Amino acid sequence: MSHDIKRSISLYSYQDEYYDGKLDLEGCLRETAKTGATGVELLAEQMIKKFPKPIEDEAFRENWFAMLDKYGLVPSCYDAFLENRIYSNRTLSLGEQINMMKRDIRLANMLGFPVLRTLVSTPMDVIEGSLEYAEQMNVKIGLEVHAPFSLNSGWADGYMEMINRTGTKYFGFVPDMGIFCKNIPDVLRDKAKRMGASEECLKIVDDAYAQRVAKGFVKIKYDLDLGKANMEYRMANGMKEMMEAVEKAGGGPADMMYAGSSFTYSWSESQDIIDNIDYIFHTHAKFYNVHEDYVETAVAIPEVVEAFKKAGYKGFLSSEYEGGEHLRDVGVDSIEQCRRHQEALRRAIEG
Amino acid sequence: MAARQIFNPDGFKNIEENGKITGYQFQFKAQYYRGITLSIVHDISVNVDGEDAAREDISLTVNGETFTLDQMLTVVDSDYRWEFGEYATVTVKKEGGLVAGKHHIKSVQLIVPSYMPFPVKANCETDFVIE
């Protein structure tokens with residue numbers, strides 16, 4: 001099937017340079033364009049100060065679109081955060097949450113984004129209550145499918161039921177490619193070593209991960225109590241046994257950090273992309289470390305991109321660099337990482 | 001390349017009111033990846049040279065306005081967010097402040113993003129000098 005796979009960068013990727021004051025919003029757009037990407041994904045709360053006020057200002061929006069024109073970029077996805085626990089003594093009511101969702105849909109529309117990414121903590125009722133408005137604003141709501149969640153799971157079935165029941169074309173998924181990790185990222189392992197982890201403990205964790213990949217991960221269930229669902233998922237995937245083995249081998253804090261973090265990565269079959277392609281509006285091309293030879297050792301880029309091609313995907317693969325958090329003790333170069341990742345994507349798409 | 005800077009190296013100082021030193025100040029950046037409404041900052045603990053500051057003695061200043069930790073829990077105005085990559089100023093009441101010389105600070109930011117099953121607990125630590 002013919003595909004139309006475009007490349008984008010989520011400005012999340014440049015967070016370390018932004019944090020240091022080396023790049024501002026325009027600098028991030030300039031770096032995005034340099035990589036050959038044509039799409040830009042934005043976390044408005046990250047790079048627009050006094051969010052959401054400036055977006056209401058016409059001069060601000062004119063400048064935004066002028067910058068996009070200057071660098072030859074188009075908006076790909078707006079990443080929303082439904083801050084439904086903004087008050088510590090209660091969760092916002094359903095109506096309040098729907099209003100917040102509608103606000104974000106409107107902001108996305110004003111900045112030209114065709115897709116809004118929402119998070120797994122967004123209650124189903126809030127999504128359903130926003131669908132009509134999303135259609136009016138022509139902004140599709142995409143639920144991020146981030147590890148430990150996965151497509152083709154009891155969790156995803158809950159949302160498929162809603163899609164089928166309502167017949168909506170304005171709700172679907174934004175898979176995060178962290179669900180396609182064949183290995184634990186090497187930058188995490190290197191950090192654990194710098195913190196004093198032992199080879200023996202690292203091997204216990206790596207072997208356990210390899211076993212989960214080989215056997216297939218036990219999928220997470222649908223539960224609004226995400227902490228509970230996550231803990232059940234971890235236990236079903238052998239966390240207790242693995243932690244005990246690490247402890248028995250004399251594991252210290254660095255070993256425990258590595259062991260615990262290993263549960264934030266997962267492997268799904270790339271067939272999941274093909275099965276769900278009609279509902280995939282956008283994709284977070286999550287990555288952790290791309291080497292000089294354009295190989296990412298954790299995320300199976302060629303295999304997953306091949307599935308997108310086979311499925312006839314028409315949308316963006318948006319680079320989302322998340323290796324920086326493991327390099328903050330030694331220094332981060334997101335600009336070079338994004339350049340390499342875009343090249344790796346280009347080769348996989350065009351190859 | 002260098003390690004991430006959390007504290008403003010020039011931000012450590014005693015503060016004086018009406019000729020008396022009433023406490024000390026430091027500046028640091030939120031260890032989270034987006035600007036946040038102050039209401040989701042549930043705690044900032046401060047320990048200098050092994051001594052814990054009391055929660056009620058700690059306040060935070062952003063964009064020229066100062067809030068105690070309890071007041072912060074209800075601050076949702078978009079003008080007073082802790083912007084990503086920007087220093088906030090923490091003021092700690094302490095009669096006489098800190099003596100001149102070398103010190104060590106341990107401060108923990110407890111940030112509670114709504115979508116996360118667990119809060120973000122960031123341990124921030126550094127040596128500093130009071131002139």
# chains A, B, ... in the order shown; residues from 1 in each chain; ligands from 1
call {"tool": "closest_atom_pairs", "arguments": {"of": "region 54-101 of chain A", "to": "region 278-294 of chain A", "cutoff": "12 Å", "atoms": "only C-alpha atoms", "output": "Markdown table"}}
result
| residue | atom | partner | partner_atom | distance |
| --- | --- | --- | --- | --- |
| A:Pro75 | CA | A:His282 | CA | 11.7 |
| A:Ser76 | CA | A:His282 | CA | 7.9 |
| A:Cys77 | CA | A:His282 | CA | 7.3 |
| A:Tyr78 | CA | A:His282 | CA | 10.4 |
| A:Asp79 | CA | A:His284 | CA | 10.7 |
call {"tool": "interface_residues", "arguments": {"of": "chain A", "to": "chain B", "cutoff": "8 Å", "atoms": "only C-alpha atoms", "output": "VMD selection string"}}
result
chain A and resid 12 15 18 to 21 43 45 to 47 49 to 53 81 to 88 119 to 122 226 to 227 327 to 333
call {"tool": "write_last_selection", "arguments": {"atoms": "C-alpha atoms", "output": "PDB file, in the first residue's frame"}}
result
ATOM      1  CA  TYR A  12      10.709  18.068  23.655  1.00  0.00           C
ATOM      2  CA  GLN A  15      14.774  20.377  26.245  1.00  0.00           C
ATOM      3  CA  TYR A  18      16.364  25.046  26.074  1.00  0.00           C
ATOM      4  CA  TYR A  19      16.870  24.511  29.816  1.00  0.00           C
ATOM      5  CA  ASP A  20      20.435  25.813  29.529  1.00  0.00           C
ATOM      6  CA  GLY A  21      19.300  28.854  27.552  1.00  0.00           C
ATOM      7  CA  LEU A  43       4.680  21.173  24.129  1.00  0.00           C
ATOM      8  CA  GLU A  45       3.645  24.470  28.326  1.00  0.00           C
ATOM      9  CA  GLN A  46       7.345  23.846  27.838  1.00  0.00           C
ATOM     10  CA  MET A  47       8.307  26.679  25.525  1.00  0.00           C
ATOM     11  CA  LYS A  49       5.931  31.273  28.822  1.00  0.00           C
ATOM     12  CA  LYS A  50       2.812  32.306  30.757  1.00  0.00           C
ATOM     13  CA  PHE A  51       0.888  29.518  29.055  1.00  0.00           C
ATOM     14  CA  PRO A  52      -1.789  29.732  27.764  1.00  0.00           C
ATOM     15  CA  LYS A  53      -2.135  33.517  27.597  1.00  0.00           C
ATOM     16  CA  PHE A  81      -1.336  17.948  29.573  1.00  0.00           C
ATOM     17  CA  LEU A  82      -4.731  17.676  31.161  1.00  0.00           C
ATOM     18  CA  GLU A  83      -3.824  19.057  34.586  1.00  0.00           C
ATOM     19  CA  ASN A  84      -6.903  17.584  36.223  1.00  0.00           C
ATOM     20  CA  ARG A  85      -5.272  17.517  39.650  1.00  0.00           C
ATOM     21  CA  ILE A  86      -4.357  21.195  39.558  1.00  0.00           C
ATOM     22  CA  TYR A  87      -5.736  21.511  43.100  1.00  0.00           C
ATOM     23  CA  SER A  88      -4.208  19.185  45.663  1.00  0.00           C
ATOM     24  CA  LEU A 119      -2.226  11.330  27.945  1.00  0.00           C
ATOM     25  CA  VAL A 120      -3.373   7.961  29.275  1.00  0.00           C
ATOM     26  CA  SER A 121      -4.629   9.624  32.448  1.00  0.00           C
ATOM     27  CA  THR A 122      -7.393  11.378  30.480  1.00  0.00           C
ATOM     28  CA  LEU A 226      -2.767   3.963  36.806  1.00  0.00           C
ATOM     29  CA  GLY A 227      -0.484   3.271  39.768  1.00  0.00           C
ATOM     30  CA  LEU A 327      23.543  12.110  30.401  1.00  0.00           C
ATOM     31  CA  ARG A 328      22.947  15.127  32.610  1.00  0.00           C
ATOM     32  CA  ASP A 329      25.921  14.282  34.807  1.00  0.00           C
ATOM     33  CA  VAL A 330      28.257  14.312  31.790  1.00  0.00           C
ATOM     34  CA  GLY A 331      26.593  16.541  29.168  1.00  0.00           C
ATOM     35  CA  VAL A 332      23.878  16.266  26.533  1.00  0.00           C
ATOM     36  CA  ASP A 333      23.952  17.016  22.789  1.00  0.00           C
TER      37      ASP A 333
END
call {"tool": "select_by_dssp", "arguments": {"residues": "region 4-117 of chain B", "states": "helix (DSSP H, G or I)", "output": "PyMOL selection string"}}
result
chain B and resi 38-40+55-57+69-72+78-80
call {"tool": "write_last_selection", "arguments": {"atoms": "N, CA and C atoms", "output": "mmCIF file, in the first residue's frame"}}
result
data_model
loop_
_atom_site.group_PDB
_atom_site.id
_atom_site.type_symbol
_atom_site.label_atom_id
_atom_site.label_comp_id
_atom_site.auth_asym_id
_atom_site.auth_seq_id
_atom_site.Cartn_x
_atom_site.Cartn_y
_atom_site.Cartn_z
ATOM 1 N N LEU B 38 2.146 26.661 39.895
ATOM 2 C CA LEU B 38 2.768 26.454 41.212
ATOM 3 C C LEU B 38 1.962 25.482 42.071
ATOM 4 N N SER B 39 0.673 25.343 41.765
ATOM 5 C CA SER B 39 -0.177 24.492 42.598
ATOM 6 C C SER B 39 0.219 23.014 42.568
ATOM 7 N N ILE B 40 0.996 22.610 41.569
ATOM 8 C CA ILE B 40 1.410 21.191 41.557
ATOM 9 C C ILE B 40 2.797 20.989 42.186
ATOM 10 N N ARG B 55 8.991 23.864 57.113
ATOM 11 C CA ARG B 55 8.201 24.130 55.909
ATOM 12 C C ARG B 55 7.637 25.560 55.910
ATOM 13 N N GLU B 56 7.161 26.020 57.080
ATOM 14 C CA GLU B 56 6.537 27.347 57.122
ATOM 15 C C GLU B 56 7.549 28.487 56.967
ATOM 16 N N ASP B 57 8.837 28.178 57.039
ATOM 17 C CA ASP B 57 9.861 29.211 56.869
ATOM 18 C C ASP B 57 10.333 29.346 55.417
ATOM 19 N N LEU B 69 4.940 27.969 50.857
ATOM 20 C CA LEU B 69 4.666 26.662 50.246
ATOM 21 C C LEU B 69 3.174 26.333 50.317
ATOM 22 N N ASP B 70 2.520 26.688 51.418
ATOM 23 C CA ASP B 70 1.079 26.427 51.531
ATOM 24 C C ASP B 70 0.287 27.289 50.544
ATOM 25 N N GLN B 71 0.689 28.551 50.402
ATOM 26 C CA GLN B 71 -0.002 29.421 49.444
ATOM 27 C C GLN B 71 0.166 28.903 48.010
ATOM 28 N N MET B 72 1.329 28.372 47.719
ATOM 29 C CA MET B 72 1.590 27.890 46.353
ATOM 30 C C MET B 72 0.565 26.859 45.889
ATOM 31 N N SER B 78 -1.576 32.142 35.308
ATOM 32 C CA SER B 78 -0.557 31.848 34.294
ATOM 33 C C SER B 78 0.632 32.816 34.337
ATOM 34 N N ASP B 79 0.479 33.950 35.006
ATOM 35 C CA ASP B 79 1.627 34.866 35.158
ATOM 36 C C ASP B 79 2.632 34.349 36.179
ATOM 37 N N TYR B 80 2.200 33.423 37.016
ATOM 38 C CA TYR B 80 3.074 32.961 38.101
ATOM 39 C C TYR B 80 3.334 31.467 38.031
#
call {"tool": "atom_distance", "arguments": {"atom1": "CA of Gln342 (chain A)", "atom2": "CA of Ile9 (chain A)"}}
result
8.4 Å
call {"tool": "select_by_dssp", "arguments": {"residues": "region 95-294 of chain A", "states": "strand (DSSP E or B)", "output": "number ranges by chain"}}
result
A: 115-118, 140-145, 171-176, 180-181, 267, 280, 283-287, 290
call {"tool": "closest_residue", "arguments": {"among": "B:Lys93, B:Phe67, B:Val99, B:Glu16", "to": "Ile130 (chain B)", "atoms": "only C-alpha atoms"}}
result
B:Val99
call {"tool": "atom_distance", "arguments": {"atom1": "CA of Gly154 (chain A)", "atom2": "CA of Phe173 (chain A)"}}
result
14.7 Å
call {"tool": "atom_distance", "arguments": {"atom1": "CA of Ser153 (chain A)", "atom2": "CA of Ile274 (chain A)"}}
result
14.4 Å
call {"tool": "residues_around", "arguments": {"residues": "Val92 (chain B)", "least_positions_apart": "2", "cutoff": "9 Å", "atoms": "only C-alpha atoms", "output": "MDAnalysis selection string"}}
result
chainID B and resid 22:26 46 53:54 57:60 90 94 97
call {"tool": "closest_residue", "arguments": {"among": "B:Ser45, B:Thr66, B:Asn123, B:Thr91", "to": "Gly11 (chain B)", "atoms": "only C-alpha atoms"}}
result
B:Thr91
call {"tool": "closest_residue", "arguments": {"among": "B:Gly96, B:Val62, B:Glu51, B:His104", "to": "Glu17 (chain B)", "atoms": "only C-alpha atoms"}}
result
B:Gly96
call {"tool": "residues_around", "arguments": {"residues": "Gly50 (chain B)", "least_positions_apart": "6", "cutoff": "10 Å", "atoms": "only C-alpha atoms", "output": "list in words"}}
result
His103, His104, Ile105 and Lys106 of chain B
call {"tool": "residues_around", "arguments": {"residues": "Leu23 (chain A)", "least_positions_apart": "6", "cutoff": "12 Å", "atoms": "only C-alpha atoms", "output": "PyMOL selection string"}}
result
(chain A and resi 11+13-17+29-32+47+333-335) or (chain B and resi 85)
